[in-house]
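Student: Please find final26.txt (compact mmCIF, C-alpha atoms) on the next line:
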# COMPACT_ATOMS: atom_id res chain seq x y z
CA MET V 1 18.37 -8.09 38.05
CA ARG V 2 15.88 -6.83 40.63
CA ARG V 3 12.62 -8.02 39.17
CA ARG V 4 14.16 -11.22 37.89
CA THR V 5 13.86 -12.74 41.34
CA GLY V 6 11.11 -15.33 41.41
CA ARG V 7 10.91 -15.57 37.63
CA ARG V 8 11.49 -19.02 36.27
CA PRO V 9 12.52 -19.81 32.71
CA GLY V 10 9.21 -20.22 30.91
CA ASN V 11 7.51 -17.68 33.14
CA PRO V 12 4.98 -15.95 30.87
CA ASP V 13 5.58 -12.60 32.59
CA THR V 14 9.32 -12.79 31.92
CA ARG V 15 8.72 -13.77 28.31
CA GLU V 16 6.25 -10.93 27.82
CA ALA V 17 8.60 -8.42 29.52
CA ILE V 18 11.35 -9.39 27.07
CA LEU V 19 8.99 -9.02 24.09
CA VAL V 20 7.80 -5.60 25.29
CA ALA V 21 11.40 -4.43 25.67
CA ALA V 22 12.32 -5.93 22.29
CA ARG V 23 9.46 -4.19 20.45
CA ALA V 24 10.48 -0.87 21.97
CA ALA V 25 14.17 -1.36 21.16
CA PHE V 26 13.63 -2.55 17.57
CA ALA V 27 11.12 0.25 16.84
CA GLU V 28 13.17 3.01 18.46
CA ARG V 29 16.71 2.06 17.45
CA GLY V 30 16.20 -0.33 14.55
CA PHE V 31 17.14 -3.98 14.22
CA ASP V 32 20.89 -3.49 13.78
CA ALA V 33 21.40 -1.06 16.68
CA ALA V 34 19.20 -2.88 19.19
CA SER V 35 21.30 -5.45 21.08
CA ILE V 36 20.17 -8.50 23.02
CA ARG V 37 22.16 -7.09 25.92
CA SER V 38 20.22 -3.79 25.94
CA ILE V 39 16.88 -5.57 25.54
CA ALA V 40 17.73 -7.85 28.44
CA ALA V 41 18.71 -4.84 30.56
CA ALA V 42 15.42 -3.09 29.76
CA ALA V 43 13.49 -6.25 30.69
CA GLN V 44 15.67 -6.66 33.77
CA VAL V 45 16.72 -10.20 32.92
CA ASP V 46 20.02 -11.89 32.10
CA PRO V 47 20.94 -11.84 28.36
CA ALA V 48 21.35 -15.62 28.51
CA LEU V 49 17.67 -15.90 29.35
CA VAL V 50 16.75 -13.97 26.19
CA HIS V 51 18.80 -16.43 24.14
CA HIS V 52 17.27 -19.31 26.05
CA TYR V 53 13.72 -18.19 25.27
CA PHE V 54 14.12 -16.82 21.77
CA GLY V 55 17.35 -18.14 20.27
CA SER V 56 18.82 -15.59 17.89
CA LYS V 57 18.17 -11.86 17.56
CA ASP V 58 16.41 -12.60 14.25
CA GLN V 59 14.03 -14.95 16.02
CA LEU V 60 13.42 -12.50 18.87
CA PHE V 61 12.59 -9.81 16.31
CA LEU V 62 10.19 -12.01 14.34
CA THR V 63 8.42 -13.06 17.54
CA ALA V 64 8.29 -9.52 18.94
CA MET V 65 6.74 -8.07 15.78
CA GLU V 66 4.44 -11.07 15.32
CA ALA V 67 5.76 -11.65 11.81
CA PRO V 68 3.34 -13.87 9.90
CA VAL V 69 6.21 -15.84 8.34
CA ASP V 70 9.92 -16.47 8.82
CA PRO V 71 11.68 -15.23 5.68
CA ARG V 72 14.64 -17.51 6.49
CA GLU V 73 12.43 -20.47 5.62
CA LEU V 74 11.09 -18.95 2.40
CA LEU V 75 14.05 -17.15 0.87
CA PRO V 76 16.28 -20.14 0.02
CA LYS V 77 13.95 -21.20 -2.78
CA VAL V 78 13.74 -17.60 -4.03
CA LEU V 79 17.53 -17.33 -4.10
CA ALA V 80 18.13 -20.78 -5.61
CA GLY V 81 18.20 -20.84 -9.40
CA ASP V 82 19.06 -18.37 -12.12
CA ARG V 83 19.61 -14.69 -11.36
CA ALA V 84 17.24 -13.60 -14.16
CA GLY V 85 14.32 -15.43 -12.54
CA ILE V 86 14.69 -14.06 -9.02
CA GLY V 87 12.04 -11.36 -9.56
CA GLU V 88 9.43 -13.91 -10.62
CA ARG V 89 10.35 -16.27 -7.78
CA LEU V 90 10.11 -13.45 -5.22
CA VAL V 91 6.64 -12.44 -6.47
CA ARG V 92 5.50 -16.10 -6.53
CA THR V 93 6.68 -16.65 -2.94
CA PHE V 94 5.17 -13.35 -1.79
CA LEU V 95 1.78 -14.23 -3.31
CA GLY V 96 1.98 -17.71 -1.79
CA VAL V 97 2.33 -16.24 1.69
CA TRP V 98 -0.56 -13.81 1.24
CA ASP V 99 -2.79 -16.53 -0.20
CA SER V 100 -1.94 -18.89 2.71
CA PRO V 101 -3.36 -18.79 6.27
CA ALA V 102 -0.48 -16.42 7.14
CA GLY V 103 -2.06 -13.88 4.78
CA ALA V 104 -4.64 -12.78 7.33
CA ALA V 105 -1.84 -11.90 9.75
CA GLY V 106 -0.13 -10.02 6.93
CA VAL V 107 -3.26 -7.95 6.30
CA ALA V 108 -3.53 -7.23 10.04
CA LEU V 109 0.12 -6.15 10.14
CA LEU V 110 -0.33 -3.86 7.15
CA ARG V 111 -3.48 -2.33 8.64
CA SER V 112 -1.68 -1.70 11.90
CA ALA V 113 1.40 -0.23 10.18
CA VAL V 114 -0.78 2.27 8.34
CA SER V 115 -2.29 3.67 11.53
CA ASN V 116 0.49 3.10 14.06
CA GLU V 117 3.96 4.61 13.70
CA TRP V 118 5.57 1.97 15.91
CA THR V 119 4.25 -0.89 13.81
CA ALA V 120 5.29 1.01 10.68
CA ARG V 121 8.86 1.12 12.02
CA LEU V 122 8.84 -2.58 12.82
CA LEU V 123 7.48 -3.37 9.35
CA ARG V 124 10.22 -1.22 7.80
CA GLU V 125 12.88 -3.09 9.79
CA PHE V 126 11.31 -6.41 8.82
CA LEU V 127 11.28 -5.60 5.11
CA THR V 128 14.79 -4.19 5.17
CA THR V 129 16.72 -6.57 7.41
CA GLN V 130 14.76 -9.81 7.09
CA VAL V 131 13.80 -9.82 3.43
CA LEU V 132 15.38 -7.24 1.12
CA ARG V 133 18.91 -7.26 2.52
CA ARG V 134 19.05 -11.05 2.22
CA VAL V 135 17.85 -11.00 -1.36
CA LEU V 136 20.14 -8.15 -2.40
CA ASP V 137 23.20 -9.57 -0.59
CA HIS V 138 22.80 -12.54 -2.88
CA LEU V 139 23.00 -10.44 -6.05
CA ASP V 140 26.04 -8.81 -7.56
CA VAL V 141 24.86 -5.17 -7.58
CA ASP V 142 26.46 -1.87 -6.59
CA PRO V 143 26.19 -1.67 -2.76
CA ALA V 144 25.39 2.05 -3.03
CA GLU V 145 22.21 1.16 -4.95
CA LEU V 146 20.96 -1.49 -2.53
CA PRO V 147 18.70 0.75 -0.40
CA LEU V 148 16.90 2.25 -3.41
CA ARG V 149 16.52 -1.15 -5.07
CA GLY V 150 15.17 -2.64 -1.85
CA SER V 151 12.64 0.10 -1.21
CA LEU V 152 11.40 -0.01 -4.82
CA VAL V 153 10.83 -3.76 -4.51
CA ALA V 154 8.96 -3.11 -1.26
CA SER V 155 6.81 -0.44 -2.93
CA GLN V 156 5.69 -2.87 -5.65
CA LEU V 157 5.17 -5.88 -3.40
CA VAL V 158 3.36 -4.00 -0.64
CA GLY V 159 1.25 -2.24 -3.28
CA LEU V 160 0.38 -5.61 -4.79
CA GLY V 161 -0.58 -6.96 -1.35
CA MET V 162 -2.68 -3.84 -0.69
CA MET V 163 -4.57 -4.09 -3.98
CA ARG V 164 -5.07 -7.87 -3.82
CA HIS V 165 -6.00 -8.26 -0.16
CA VAL V 166 -6.93 -4.91 1.40
CA ILE V 167 -8.38 -2.55 -1.25
CA ARG V 168 -9.31 -5.60 -3.37
CA LEU V 169 -9.20 -3.98 -6.77
CA GLU V 170 -10.18 -6.37 -9.54
CA PRO V 171 -8.82 -8.19 -11.44
CA VAL V 172 -5.65 -8.11 -9.30
CA ALA V 173 -7.74 -9.16 -6.29
CA SER V 174 -8.69 -12.53 -7.76
CA ALA V 175 -6.21 -13.09 -10.59
CA ALA V 176 -4.42 -16.43 -10.80
CA PRO V 177 -1.06 -16.09 -9.04
CA GLU V 178 0.87 -17.02 -12.20
CA ALA V 179 -0.74 -14.16 -14.17
CA LEU V 180 0.55 -11.75 -11.52
CA VAL V 181 3.96 -13.44 -11.48
CA ALA V 182 4.21 -12.89 -15.25
CA ALA V 183 3.07 -9.26 -14.99
CA VAL V 184 4.93 -8.14 -11.85
CA GLY V 185 7.98 -10.43 -11.88
CA PRO V 186 9.83 -8.35 -14.53
CA THR V 187 9.19 -5.18 -12.49
CA VAL V 188 10.78 -6.69 -9.40
CA GLN V 189 13.63 -8.12 -11.47
CA ARG V 190 14.40 -4.69 -12.91
CA TYR V 191 14.31 -3.10 -9.45
CA LEU V 192 16.73 -5.76 -8.20
CA THR V 193 19.24 -5.94 -11.05
CA GLY V 194 18.24 -3.56 -13.89
CA ASP V 195 19.09 0.00 -14.87
CA LEU V 196 17.08 2.44 -12.74
CA SER V 197 18.23 5.72 -14.29
CA ALA V 198 16.19 7.43 -16.98
CA MET M 199 -40.22 14.80 -1.49
CA ARG M 200 -41.44 14.88 2.11
CA ARG M 201 -38.37 16.19 3.88
CA ARG M 202 -37.51 18.58 1.10
CA THR M 203 -40.10 21.03 2.43
CA GLY M 204 -38.39 23.98 4.08
CA ARG M 205 -34.99 23.24 2.54
CA ARG M 206 -33.52 26.03 0.48
CA PRO M 207 -30.78 25.61 -2.12
CA GLY M 208 -27.61 26.06 -0.10
CA ASN M 209 -29.20 24.56 3.01
CA PRO M 210 -26.31 22.70 4.69
CA ASP M 211 -28.65 19.90 5.85
CA THR M 212 -29.85 19.28 2.30
CA ARG M 213 -26.31 19.34 0.98
CA GLU M 214 -25.16 16.89 3.64
CA ALA M 215 -28.15 14.60 3.07
CA ILE M 216 -27.22 14.40 -0.62
CA LEU M 217 -23.58 13.63 0.22
CA VAL M 218 -24.57 10.90 2.69
CA ALA M 219 -26.85 9.32 0.08
CA ALA M 220 -24.15 9.67 -2.58
CA ARG M 221 -21.46 7.98 -0.44
CA ALA M 222 -23.80 5.08 0.25
CA ALA M 223 -24.80 4.71 -3.41
CA PHE M 224 -21.27 4.96 -4.81
CA ALA M 225 -19.86 2.52 -2.23
CA GLU M 226 -22.70 0.01 -2.53
CA ARG M 227 -23.41 0.04 -6.25
CA GLY M 228 -20.27 1.61 -7.74
CA PHE M 229 -19.86 4.83 -9.70
CA ASP M 230 -21.39 3.62 -12.97
CA ALA M 231 -24.51 2.02 -11.48
CA ALA M 232 -25.31 4.79 -9.00
CA SER M 233 -27.54 7.39 -10.69
CA ILE M 234 -28.16 10.98 -9.72
CA ARG M 235 -31.86 10.09 -9.76
CA SER M 236 -31.46 7.29 -7.20
CA ILE M 237 -29.20 9.43 -4.99
CA ALA M 238 -31.76 12.26 -5.09
CA ALA M 239 -34.51 9.80 -4.17
CA ALA M 240 -32.53 8.47 -1.21
CA ALA M 241 -31.87 12.03 -0.03
CA GLN M 242 -35.51 12.92 -0.67
CA VAL M 243 -34.71 15.85 -2.92
CA ASP M 244 -35.32 16.67 -6.56
CA PRO M 245 -32.58 15.47 -8.96
CA ALA M 246 -32.33 19.02 -10.30
CA LEU M 247 -31.20 20.14 -6.84
CA VAL M 248 -28.36 17.60 -6.90
CA HIS M 249 -27.21 19.02 -10.23
CA HIS M 250 -27.63 22.55 -8.88
CA TYR M 251 -25.40 21.85 -5.86
CA PHE M 252 -22.81 19.54 -7.35
CA GLY M 253 -22.89 19.84 -11.13
CA SER M 254 -21.96 16.53 -12.72
CA LYS M 255 -21.96 13.02 -11.28
CA ASP M 256 -18.14 13.12 -11.40
CA GLN M 257 -18.13 16.24 -9.25
CA LEU M 258 -20.67 14.78 -6.80
CA PHE M 259 -18.52 11.67 -6.48
CA LEU M 260 -15.30 13.64 -5.87
CA THR M 261 -17.02 15.79 -3.23
CA ALA M 262 -18.74 12.83 -1.55
CA MET M 263 -15.50 10.84 -1.19
CA GLU M 264 -13.50 13.94 -0.24
CA ALA M 265 -11.03 13.31 -3.05
CA PRO M 266 -7.85 15.30 -2.40
CA VAL M 267 -7.58 16.27 -6.09
CA ASP M 268 -9.70 16.40 -9.22
CA PRO M 269 -8.05 14.09 -11.76
CA ARG M 270 -9.80 15.98 -14.57
CA GLU M 271 -7.51 18.92 -13.86
CA LEU M 272 -4.34 16.82 -13.70
CA LEU M 273 -4.76 14.23 -16.41
CA PRO M 274 -4.62 16.46 -19.50
CA LYS M 275 -0.89 17.10 -19.00
CA VAL M 276 -0.32 13.37 -18.38
CA LEU M 277 -2.14 12.48 -21.58
CA ALA M 278 -0.57 15.22 -23.71
CA GLY M 279 2.69 14.25 -25.41
CA ASP M 280 4.19 11.02 -26.65
CA ARG M 281 2.68 7.66 -25.79
CA ALA M 282 6.05 6.26 -24.66
CA GLY M 283 6.35 8.91 -21.94
CA ILE M 284 2.94 8.51 -20.36
CA GLY M 285 4.24 6.22 -17.60
CA GLU M 286 6.82 8.78 -16.50
CA ARG M 287 4.33 11.65 -16.70
CA LEU M 288 1.79 9.71 -14.64
CA VAL M 289 4.38 8.96 -11.91
CA ARG M 290 5.57 12.61 -11.95
CA THR M 291 2.02 13.91 -11.56
CA PHE M 292 1.22 11.34 -8.86
CA LEU M 293 4.30 12.31 -6.85
CA GLY M 294 3.48 16.00 -7.32
CA VAL M 295 0.06 15.50 -5.70
CA TRP M 296 1.46 13.55 -2.74
CA ASP M 297 4.21 16.09 -2.19
CA SER M 298 1.68 18.98 -2.32
CA PRO M 299 -0.71 20.09 0.46
CA ALA M 300 -3.23 17.60 -1.00
CA GLY M 301 -0.85 14.82 0.03
CA ALA M 302 -1.98 14.88 3.66
CA ALA M 303 -5.55 14.26 2.53
CA GLY M 304 -4.25 11.42 0.36
CA VAL M 305 -2.54 9.81 3.34
CA ALA M 306 -5.73 10.17 5.38
CA LEU M 307 -7.77 8.59 2.58
CA LEU M 308 -5.33 5.67 2.30
CA ARG M 309 -5.34 5.14 6.07
CA SER M 310 -9.12 5.14 6.10
CA ALA M 311 -9.36 2.78 3.12
CA VAL M 312 -7.14 0.25 4.89
CA SER M 313 -9.38 0.05 7.95
CA ASN M 314 -12.81 0.83 6.50
CA GLU M 315 -14.40 -1.29 3.77
CA TRP M 316 -16.66 1.56 2.63
CA THR M 317 -13.75 3.92 2.06
CA ALA M 318 -11.87 1.10 0.32
CA ARG M 319 -14.77 0.76 -2.12
CA LEU M 320 -14.86 4.50 -2.78
CA LEU M 321 -11.09 4.53 -3.32
CA ARG M 322 -11.44 1.62 -5.76
CA GLU M 323 -14.13 3.50 -7.70
CA PHE M 324 -11.99 6.64 -7.66
CA LEU M 325 -8.93 4.87 -9.04
CA THR M 326 -10.90 2.97 -11.63
CA THR M 327 -13.38 5.51 -12.97
CA GLN M 328 -11.63 8.83 -12.32
CA VAL M 329 -7.99 8.00 -13.07
CA LEU M 330 -7.21 4.67 -14.72
CA ARG M 331 -10.13 4.50 -17.15
CA ARG M 332 -9.32 7.98 -18.45
CA VAL M 333 -5.66 7.15 -18.96
CA LEU M 334 -6.33 3.80 -20.59
CA ASP M 335 -9.15 5.12 -22.82
CA HIS M 336 -6.51 7.40 -24.28
CA LEU M 337 -4.21 4.53 -25.26
CA ASP M 338 -4.67 2.04 -28.06
CA VAL M 339 -4.67 -1.20 -26.07
CA ASP M 340 -6.85 -4.32 -26.14
CA PRO M 341 -10.02 -3.42 -24.17
CA ALA M 342 -10.01 -6.89 -22.58
CA GLU M 343 -6.68 -6.06 -20.94
CA LEU M 344 -7.73 -2.69 -19.52
CA PRO M 345 -8.83 -3.86 -16.06
CA LEU M 346 -5.61 -5.82 -15.41
CA ARG M 347 -3.45 -2.98 -16.71
CA GLY M 348 -5.30 -0.46 -14.58
CA SER M 349 -5.09 -2.47 -11.38
CA LEU M 350 -1.37 -3.15 -11.90
CA VAL M 351 -0.75 0.59 -12.30
CA ALA M 352 -2.74 1.16 -9.11
CA SER M 353 -0.70 -1.48 -7.26
CA GLN M 354 2.57 0.26 -8.13
CA LEU M 355 1.39 3.82 -7.52
CA VAL M 356 -0.44 3.08 -4.26
CA GLY M 357 2.57 1.04 -3.10
CA LEU M 358 4.84 3.97 -3.93
CA GLY M 359 2.58 6.35 -1.98
CA MET M 360 2.51 3.91 0.96
CA MET M 361 6.29 3.55 1.10
CA ARG M 362 7.01 7.24 0.56
CA HIS M 363 4.38 8.77 2.85
CA VAL M 364 2.94 6.17 5.23
CA ILE M 365 5.52 3.45 5.98
CA ARG M 366 8.30 5.93 5.03
CA LEU M 367 10.89 3.44 3.91
CA GLU M 368 14.16 5.12 2.91
CA PRO M 369 15.43 6.10 0.43
CA VAL M 370 12.03 6.10 -1.35
CA ALA M 371 10.63 8.26 1.45
CA SER M 372 12.91 11.21 0.72
CA ALA M 373 14.24 10.54 -2.80
CA ALA M 374 14.10 13.38 -5.34
CA PRO M 375 10.90 12.98 -7.38
CA GLU M 376 12.84 12.68 -10.65
CA ALA M 377 14.85 9.70 -9.34
CA LEU M 378 11.55 7.93 -8.67
CA VAL M 379 10.15 9.00 -12.04
CA ALA M 380 13.18 7.39 -13.72
CA ALA M 381 12.91 4.22 -11.64
CA VAL M 382 9.12 3.71 -11.58
CA GLY M 383 8.06 5.38 -14.85
CA PRO M 384 9.10 2.38 -17.01
CA THR M 385 7.14 0.04 -14.71
CA VAL M 386 3.95 2.05 -15.16
CA GLN M 387 4.60 2.37 -18.90
CA ARG M 388 4.90 -1.40 -19.25
CA TYR M 389 1.71 -1.96 -17.25
CA LEU M 390 -0.10 0.52 -19.51
CA THR M 391 1.16 -0.50 -22.94
CA GLY M 392 3.70 -3.35 -22.68
CA ASP M 393 3.54 -7.14 -22.86
CA LEU M 394 2.30 -8.54 -19.54
CA SER M 395 2.53 -12.27 -20.29
CA ALA M 396 5.54 -14.32 -19.28
What would the structure in this file look like if it were written as structure tokens?

Tutor:
Amino acid sequence: MRRRTGRRPGNPDTREAILVAARAAFAERGFDAASIRSIAAAAQVDPALVHHYFGSKDQLFLTAMEAPVDPRELLPKVLAGDRAGIGERLVRTFLGVWDSPAGAAGVALLRSAVSNEWTARLLREFLTTQVLRRVLDHLDVDPAELPLRGSLVASQLVGLGMMRHVIRLEPVASAAPEALVAAVGPTVQRYLTGDLSA
Amino acid sequence: MRRRTGRRPGNPDTREAILVAARAAFAERGFDAASIRSIAAAAQVDPALVHHYFGSKDQLFLTAMEAPVDPRELLPKVLAGDRAGIGERLVRTFLGVWDSPAGAAGVALLRSAVSNEWTARLLREFLTTQVLRRVLDHLDVDPAELPLRGSLVASQLVGLGMMRHVIRLEPVASAAPEALVAAVGPTVQRYLTGDLSA
């Protein structure tokens, strides 16, 4: 509580101190193990102030890692509809984000994750807890297979983002989104719900 | 021919001048359009000296881009055997390279390609002309579809390398290679020879 003295709600220094502590906690311990209480303690503020500034732990995480999008806004339309079409809808939504203004932030995040271990950890936590877990929780698959399924989906989607927006290999770089949805959707669907053994 | 005076075959300066000119030519014009003649002219040496130092254009390209492996040594065992197993064999060979000492050079190349447009272009040329073209030339598929098929294969393999060795998302990061061959092989097979329309 020492350094809290003199800090008002809305104080940019307090806000930044919380974000610095949050980035460290999420990168070092992971999203699940990092608590609001411990982040508040590290930032030397009251936990209520963290909630006041950032709302939920999800929101704090997204702000701390400068996530280009909030998956909670995008996933409902991926999860709505038939189970057999979830792969295509996930690819369509993913491409929509990368092709939107948020795409530049996505490229920056990917570039940073490749050279910086801390950002890599935050990106891992983002993919796992904010995107893949929510998609897979929605499907009726063996819980023991969830981590492999999730990381395979991530490998295809991140590879697609890399080739389309970073390495820019043609024709993936400038293909119409629906051509990529048709080509890559079945891959993602199989990783989510199909048979992965030989 | 001016600066060639005083340079002996084996002169490190001459060798380096050729490699600098080759990197520029391959990145700016692409592998197919860059000629040994034009690279020799830019390095101010005789084309015969380029052949003497580096052998073929393929070999000059691999040396100039510091390719971690020579696909010409690895692809024969991918291409040998049944057509239906080529996806699995390509994934198995790819994982073998990344899990070998050459893997560290692969990670460095990927890191560099993400932050440096020149390296990205060289990596693109490497994937296209040294790996994908050779695999696809071997298969009986519609030539018009080759570029899309090749860049989809690249998106999955590069994404797999990213997740396993750079972002290190579990369980892909430490899965047994054969588990990944079983999971990802069918994806690559479909991109190579399957139906890619909806």

Student: Quick one: residues within 7 Å of segment 15-30 of chain V, all atoms listed in the file, excluding same-chain residues fewer than 4 positions away - as a list in words?

Tutor: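 Using all atoms listed in the file, the neighbours found are Gly10, Asn11, Ala34, Ile39, Ala40, Ala42, Ala43, Ala64, Met65, Trp118, Arg121, Leu122 and Glu125 of chain V.
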
Student: Could you tell me how far atom CA of Phe126 of chain V sits from atom CA of Ser38 of chain V, in Å to one decimal place?

Tutor: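 Between these atoms lies a distance of 19.5 Å.
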
Student: Give me, as a tab-separated table, each residue of chain M that comes within 7 Å of chain V, together with its shortest interatomic pair and the distance in Å at one decimal, counting all atoms listed in the file, with rows ordered by chain and rising residue number.

Tutor:
residue	atom	partner	partner_atom	distance
M:Arg309	CA	V:Val114	CA	5.8
M:Ala311	CA	V:Ile167	CA	7.0
M:Val312	CA	V:Arg111	CA	5.8
M:Ser313	CA	V:Arg111	CA	6.4
M:Ala318	CA	V:Ile167	CA	5.3
M:Arg322	CA	V:Leu169	CA	6.1
M:Pro345	CA	V:Pro171	CA	6.3
M:Leu346	CA	V:Pro171	CA	5.6
M:Ser349	CA	V:Val172	CA	6.0
M:Ser353	CA	V:Gly159	CA	4.5
M:Gln354	CA	V:Gln156	CA	5.1
M:Val356	CA	V:Gly159	CA	5.7
M:Gly357	CA	V:Gly159	CA	3.5
M:Leu358	CA	V:Ser155	CA	4.9
M:Met361	CA	V:Ser155	CA	5.7
M:Val364	CA	V:Val114	CA	6.2
M:Ile365	CA	V:Ala120	CA	5.3
M:Leu367	CA	V:Arg124	CA	6.1
M:Glu368	CA	V:Ser151	CA	6.7
M:Pro369	CA	V:Leu148	CA	5.6
M:Val370	CA	V:Ser151	CA	6.0
M:Ala380	CA	V:Ala198	CA	4.4
M:Ala381	CA	V:Leu196	CA	4.7
M:Thr385	CA	V:Thr187	CA	6.0
M:Leu394	CA	V:Ala183	CA	4.7
M:Ser395	CA	V:Ala182	CA	5.3
M:Ala396	CA	V:Ala182	CA	4.5

Student: I'd like to know which of V:Val131, V:Leu109, V:Ala144, V:Trp98 is closest to Leu74 of chain V, using all atoms listed in the file.

Tutor: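 Checking each candidate against Leu74 of chain V, we get V:Val131 as the closest.
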
Student: Around (14.6, -14.1, 15.2), as given in the file, which residues come within 12 Å? Count all atoms listed in the file and list them as a ChimeraX atom specification.

Tutor: /V:19,22,26,31,36,50-51,53-67,69-73,126,129-130

Student: Go ahead and compute the interatomic distance for atom CA of Arg92 of chain V and atom CA of Pro76 of chain V, in Å to one decimal.

Tutor: 13.2 Å

Student: Atom CA of Thr212 of chain M to atom CA of Gln242 of chain M: how many Å, to one decimal?

Tutor: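 For atom CA of Thr212 of chain M relative to atom CA of Gln242 of chain M, the distance reads 9.0 Å.
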
Student: Using all atoms listed in the file, find the one residue out of V:Gly81, V:Leu49, V:Phe94, V:Asp140 that sits nearest to Gly106 of chain V.

Tutor: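 Residue with the minimum atom-to-atom distance to Gly106 of chain V: V:Phe94.
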
Student: Kindly add all heavy atoms to the incomplete segment 125-131 of chain V and provide the output as a compact mmCIF listing (two decimals), in the frame of the given file.

Tutor:
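The resulting file, selection-v5.txt, is shown below:
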# COMPACT_ATOMS: atom_id res chain seq x y z
N GLU V 125 11.71 -2.29 9.40
CA GLU V 125 12.88 -3.09 9.79
C GLU V 125 12.75 -4.52 9.27
O GLU V 125 13.73 -5.13 8.86
CB GLU V 125 13.03 -3.10 11.32
CG GLU V 125 13.42 -1.75 11.90
CD GLU V 125 14.80 -1.30 11.42
OE1 GLU V 125 15.76 -2.07 11.53
OE2 GLU V 125 14.89 -0.16 10.91
N PHE V 126 11.55 -5.06 9.32
CA PHE V 126 11.31 -6.41 8.82
C PHE V 126 11.63 -6.50 7.33
O PHE V 126 12.39 -7.37 6.89
CB PHE V 126 9.84 -6.80 9.08
CG PHE V 126 9.44 -8.13 8.48
CD1 PHE V 126 9.79 -9.32 9.10
CD2 PHE V 126 8.71 -8.19 7.30
CE1 PHE V 126 9.42 -10.55 8.56
CE2 PHE V 126 8.34 -9.41 6.75
CZ PHE V 126 8.70 -10.59 7.38
N LEU V 127 11.05 -5.58 6.56
CA LEU V 127 11.28 -5.60 5.11
C LEU V 127 12.77 -5.45 4.80
O LEU V 127 13.33 -6.17 3.97
CB LEU V 127 10.50 -4.46 4.44
CG LEU V 127 8.97 -4.61 4.44
CD1 LEU V 127 8.31 -3.30 4.02
CD2 LEU V 127 8.54 -5.74 3.52
N THR V 128 13.41 -4.50 5.48
CA THR V 128 14.79 -4.19 5.17
C THR V 128 15.75 -5.29 5.60
O THR V 128 16.54 -5.77 4.80
CB THR V 128 15.20 -2.87 5.86
OG1 THR V 128 14.24 -1.86 5.52
CG2 THR V 128 16.57 -2.43 5.43
N THR V 129 15.68 -5.67 6.88
CA THR V 129 16.72 -6.57 7.41
C THR V 129 16.39 -8.04 7.20
O THR V 129 17.30 -8.86 7.11
CB THR V 129 16.95 -6.33 8.92
OG1 THR V 129 15.79 -6.75 9.65
CG2 THR V 129 17.22 -4.86 9.20
N GLN V 130 15.11 -8.39 7.15
CA GLN V 130 14.76 -9.81 7.09
C GLN V 130 14.52 -10.30 5.66
O GLN V 130 14.67 -11.49 5.38
CB GLN V 130 13.52 -10.09 7.95
CG GLN V 130 13.67 -9.67 9.40
CD GLN V 130 14.77 -10.44 10.12
OE1 GLN V 130 14.78 -11.67 10.12
NE2 GLN V 130 15.72 -9.74 10.72
N VAL V 131 14.13 -9.40 4.78
CA VAL V 131 13.80 -9.82 3.43
C VAL V 131 14.76 -9.21 2.40
O VAL V 131 15.56 -9.91 1.78
CB VAL V 131 12.34 -9.46 3.06
CG1 VAL V 131 12.00 -9.94 1.65
CG2 VAL V 131 11.36 -10.04 4.07
